[in-house]
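Below: the structure, in structure tokens.
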Amino acid sequence: MGTFWMDRLVRELPVGVDQLRQDRILEEALANGADPLHLADVFSLGAKASLRYTSAVTESEAEQAPSTR
């Protein structure tokens, strides 16, 4: 499906197609243990992009982890 049709489908939503895609990639990273190879394969991402998403997920998880001090 092209971006024209996707834009048309989500026109009434408060977010755009790119934001939906980014959110979907982050959700997939959370669901699959932040595996950059999996993200690259499923979403046709390059190495840098898949590592960026997995880094964001692992940093977020580290911030939310309870402190052991």
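Within each chain, counting starts at residue 1; across the structure tokens, chains are named A, B, ... in the order shown, with ligands numbered 1 upward in that order.
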Item checked: Shell around Arg52 of chain A at 12 Å using only C-alpha atoms, local window under 4 positions removed, as a PyMOL selection string -> chain A and resi 22+25-26+29+34-36+39-40+45-48+56-59
Next item on the list: Between A:Arg11, A:Gly16, A:Thr54, A:Gln64, single out the one closest to Ala31 of chain A, counting only C-alpha atoms.
Entry: A:Thr54
Next item on the list: Extract, using only C-alpha atoms, all DNA, RNA and protein residues at most 12 Å from segment 6-9 of chain A, discarding same-chain residues fewer than 5 positions from it, and format them as a ChimeraX atom specification.
Entry: /A:1,14-21
Generate a file of the selected residues that holds N, CA and C atoms, formatted as a PDB file, in the first residue's frame.
ATOM      1  N   MET A   1       0.852  -1.163   0.000  1.00  0.00           N
ATOM      2  CA  MET A   1       0.000   0.000   0.000  1.00  0.00           C
ATOM      3  C   MET A   1       0.900   1.229   0.000  1.00  0.00           C
ATOM      4  N   PRO A  14      -4.707  11.841  15.042  1.00  0.00           N
ATOM      5  CA  PRO A  14      -3.849  12.952  15.469  1.00  0.00           C
ATOM      6  C   PRO A  14      -2.360  12.735  15.174  1.00  0.00           C
ATOM      7  N   VAL A  15      -2.003  11.609  14.572  1.00  0.00           N
ATOM      8  CA  VAL A  15      -0.607  11.327  14.224  1.00  0.00           C
ATOM      9  C   VAL A  15      -0.511  10.965  12.751  1.00  0.00           C
ATOM     10  N   GLY A  16       0.693  11.065  12.217  1.00  0.00           N
ATOM     11  CA  GLY A  16       0.908  10.737  10.819  1.00  0.00           C
ATOM     12  C   GLY A  16       1.389   9.310  10.623  1.00  0.00           C
ATOM     13  N   VAL A  17       1.555   8.945   9.380  1.00  0.00           N
ATOM     14  CA  VAL A  17       1.986   7.598   9.011  1.00  0.00           C
ATOM     15  C   VAL A  17       3.379   7.299   9.568  1.00  0.00           C
ATOM     16  N   ASP A  18       4.269   8.270   9.489  1.00  0.00           N
ATOM     17  CA  ASP A  18       5.627   8.052   9.993  1.00  0.00           C
ATOM     18  C   ASP A  18       5.636   7.790  11.491  1.00  0.00           C
ATOM     19  N   GLN A  19       4.817   8.519  12.227  1.00  0.00           N
ATOM     20  CA  GLN A  19       4.741   8.310  13.673  1.00  0.00           C
ATOM     21  C   GLN A  19       4.165   6.937  13.999  1.00  0.00           C
ATOM     22  N   LEU A  20       3.183   6.503  13.225  1.00  0.00           N
ATOM     23  CA  LEU A  20       2.617   5.168  13.431  1.00  0.00           C
ATOM     24  C   LEU A  20       3.657   4.086  13.169  1.00  0.00           C
ATOM     25  N   ARG A  21       4.446   4.267  12.121  1.00  0.00           N
ATOM     26  CA  ARG A  21       5.498   3.291  11.794  1.00  0.00           C
ATOM     27  C   ARG A  21       6.545   3.235  12.908  1.00  0.00           C
TER      28      ARG A  21
END
Notebook entry, point to check: What is the atom CA of Gly2 of chain A-atom CA of Ser55 of chain A distance in Å, reported with one decimal?
Noted result: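 Separating atom CA of Gly2 of chain A from atom CA of Ser55 of chain A is a distance of 29.0 Å.
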Check: What are the DSSP alpha helix (DSSP H) residues of chain A, as a PyMOL selection string?
Finding: chain A and resi 3-9+17-31+36-43+47-64
Would you output that residue set with N, CA and C atoms, as a compact mmCIF listing (two decimals), in the first residue's frame?
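File written: again-v3.txt
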# COMPACT_ATOMS: atom_id res chain seq x y z
N THR A 3 1.99 5.38 0.23
CA THR A 3 1.81 6.40 1.27
C THR A 3 0.57 7.25 1.03
N PHE A 4 0.19 7.46 -0.22
CA PHE A 4 -1.02 8.24 -0.50
C PHE A 4 -2.23 7.61 0.18
N TRP A 5 -2.39 6.31 0.02
CA TRP A 5 -3.54 5.63 0.60
C TRP A 5 -3.44 5.55 2.12
N MET A 6 -2.24 5.35 2.61
CA MET A 6 -2.06 5.34 4.07
C MET A 6 -2.39 6.71 4.66
N ASP A 7 -1.91 7.77 4.01
CA ASP A 7 -2.23 9.12 4.49
C ASP A 7 -3.73 9.35 4.48
N ARG A 8 -4.37 8.84 3.48
CA ARG A 8 -5.82 9.00 3.38
C ARG A 8 -6.55 8.24 4.49
N LEU A 9 -6.06 7.05 4.81
CA LEU A 9 -6.68 6.24 5.86
C LEU A 9 -6.51 6.85 7.24
N VAL A 17 1.56 8.94 9.38
CA VAL A 17 1.99 7.60 9.01
C VAL A 17 3.38 7.30 9.57
N ASP A 18 4.27 8.27 9.49
CA ASP A 18 5.63 8.05 9.99
C ASP A 18 5.64 7.79 11.49
N GLN A 19 4.82 8.52 12.23
CA GLN A 19 4.74 8.31 13.67
C GLN A 19 4.16 6.94 14.00
N LEU A 20 3.18 6.50 13.22
CA LEU A 20 2.62 5.17 13.43
C LEU A 20 3.66 4.09 13.17
N ARG A 21 4.45 4.27 12.12
CA ARG A 21 5.50 3.29 11.79
C ARG A 21 6.55 3.24 12.91
N GLN A 22 6.98 4.39 13.38
CA GLN A 22 7.97 4.43 14.46
C GLN A 22 7.44 3.75 15.71
N ASP A 23 6.19 4.01 16.03
CA ASP A 23 5.58 3.38 17.20
C ASP A 23 5.52 1.87 17.04
N ARG A 24 5.17 1.42 15.85
CA ARG A 24 5.09 -0.03 15.58
C ARG A 24 6.45 -0.69 15.71
N ILE A 25 7.49 -0.02 15.21
CA ILE A 25 8.84 -0.57 15.32
C ILE A 25 9.27 -0.65 16.78
N LEU A 26 8.98 0.38 17.56
CA LEU A 26 9.33 0.35 18.99
C LEU A 26 8.58 -0.75 19.72
N GLU A 27 7.31 -0.93 19.39
CA GLU A 27 6.53 -2.01 20.02
C GLU A 27 7.11 -3.38 19.68
N GLU A 28 7.52 -3.54 18.43
CA GLU A 28 8.12 -4.81 18.01
C GLU A 28 9.45 -5.03 18.74
N ALA A 29 10.22 -3.98 18.91
CA ALA A 29 11.49 -4.09 19.63
C ALA A 29 11.25 -4.50 21.07
N LEU A 30 10.24 -3.94 21.71
CA LEU A 30 9.90 -4.32 23.08
C LEU A 30 9.45 -5.77 23.16
N ALA A 31 8.66 -6.19 22.20
CA ALA A 31 8.10 -7.54 22.22
C ALA A 31 9.14 -8.63 21.94
N PRO A 36 18.17 -6.27 17.06
CA PRO A 36 18.31 -5.42 15.87
C PRO A 36 18.19 -6.19 14.56
N LEU A 37 18.62 -7.44 14.53
CA LEU A 37 18.49 -8.23 13.29
C LEU A 37 17.03 -8.50 12.95
N HIS A 38 16.24 -8.78 13.97
CA HIS A 38 14.81 -9.01 13.76
C HIS A 38 14.15 -7.74 13.20
N LEU A 39 14.45 -6.60 13.81
CA LEU A 39 13.86 -5.34 13.33
C LEU A 39 14.28 -5.04 11.90
N ALA A 40 15.55 -5.25 11.61
CA ALA A 40 16.05 -4.99 10.26
C ALA A 40 15.33 -5.86 9.24
N ASP A 41 15.09 -7.11 9.59
CA ASP A 41 14.43 -8.04 8.68
C ASP A 41 12.95 -7.71 8.50
N VAL A 42 12.25 -7.49 9.59
CA VAL A 42 10.80 -7.27 9.53
C VAL A 42 10.44 -5.93 8.89
N PHE A 43 11.22 -4.89 9.18
CA PHE A 43 10.86 -3.55 8.72
C PHE A 43 11.78 -3.01 7.63
N ALA A 47 21.28 -1.15 9.28
CA ALA A 47 21.91 -1.47 10.56
C ALA A 47 21.82 -0.32 11.55
N LYS A 48 22.12 0.89 11.10
CA LYS A 48 22.09 2.04 12.01
C LYS A 48 20.69 2.29 12.55
N ALA A 49 19.70 2.20 11.70
CA ALA A 49 18.32 2.46 12.13
C ALA A 49 17.86 1.40 13.13
N SER A 50 18.13 0.14 12.85
CA SER A 50 17.68 -0.90 13.77
C SER A 50 18.40 -0.79 15.11
N LEU A 51 19.67 -0.41 15.11
CA LEU A 51 20.39 -0.21 16.36
C LEU A 51 19.87 1.00 17.13
N ARG A 52 19.45 2.02 16.41
CA ARG A 52 18.87 3.21 17.06
C ARG A 52 17.60 2.84 17.81
N TYR A 53 16.75 2.04 17.18
CA TYR A 53 15.51 1.62 17.84
C TYR A 53 15.79 0.72 19.03
N THR A 54 16.70 -0.22 18.88
CA THR A 54 16.99 -1.12 20.00
C THR A 54 17.66 -0.37 21.15
N SER A 55 18.49 0.61 20.83
CA SER A 55 19.11 1.43 21.88
C SER A 55 18.06 2.21 22.65
N ALA A 56 17.09 2.75 21.93
CA ALA A 56 16.02 3.51 22.58
C ALA A 56 15.23 2.62 23.53
N VAL A 57 14.98 1.39 23.12
CA VAL A 57 14.21 0.47 23.96
C VAL A 57 15.01 0.05 25.19
N THR A 58 16.27 -0.30 25.00
CA THR A 58 17.07 -0.75 26.14
C THR A 58 17.33 0.39 27.12
N GLU A 59 17.51 1.62 26.63
CA GLU A 59 17.68 2.77 27.52
C GLU A 59 16.40 3.02 28.31
N SER A 60 15.27 2.91 27.64
CA SER A 60 13.98 3.12 28.31
C SER A 60 13.76 2.07 29.39
N GLU A 61 14.09 0.82 29.08
CA GLU A 61 13.93 -0.26 30.06
C GLU A 61 14.86 -0.05 31.25
N ALA A 62 16.07 0.44 31.00
CA ALA A 62 17.03 0.69 32.08
C ALA A 62 16.54 1.80 33.00
N GLU A 63 15.93 2.82 32.42
CA GLU A 63 15.40 3.93 33.21
C GLU A 63 14.23 3.49 34.07
N GLN A 64 13.44 2.54 33.58
CA GLN A 64 12.25 2.10 34.30
C GLN A 64 12.56 1.00 35.32
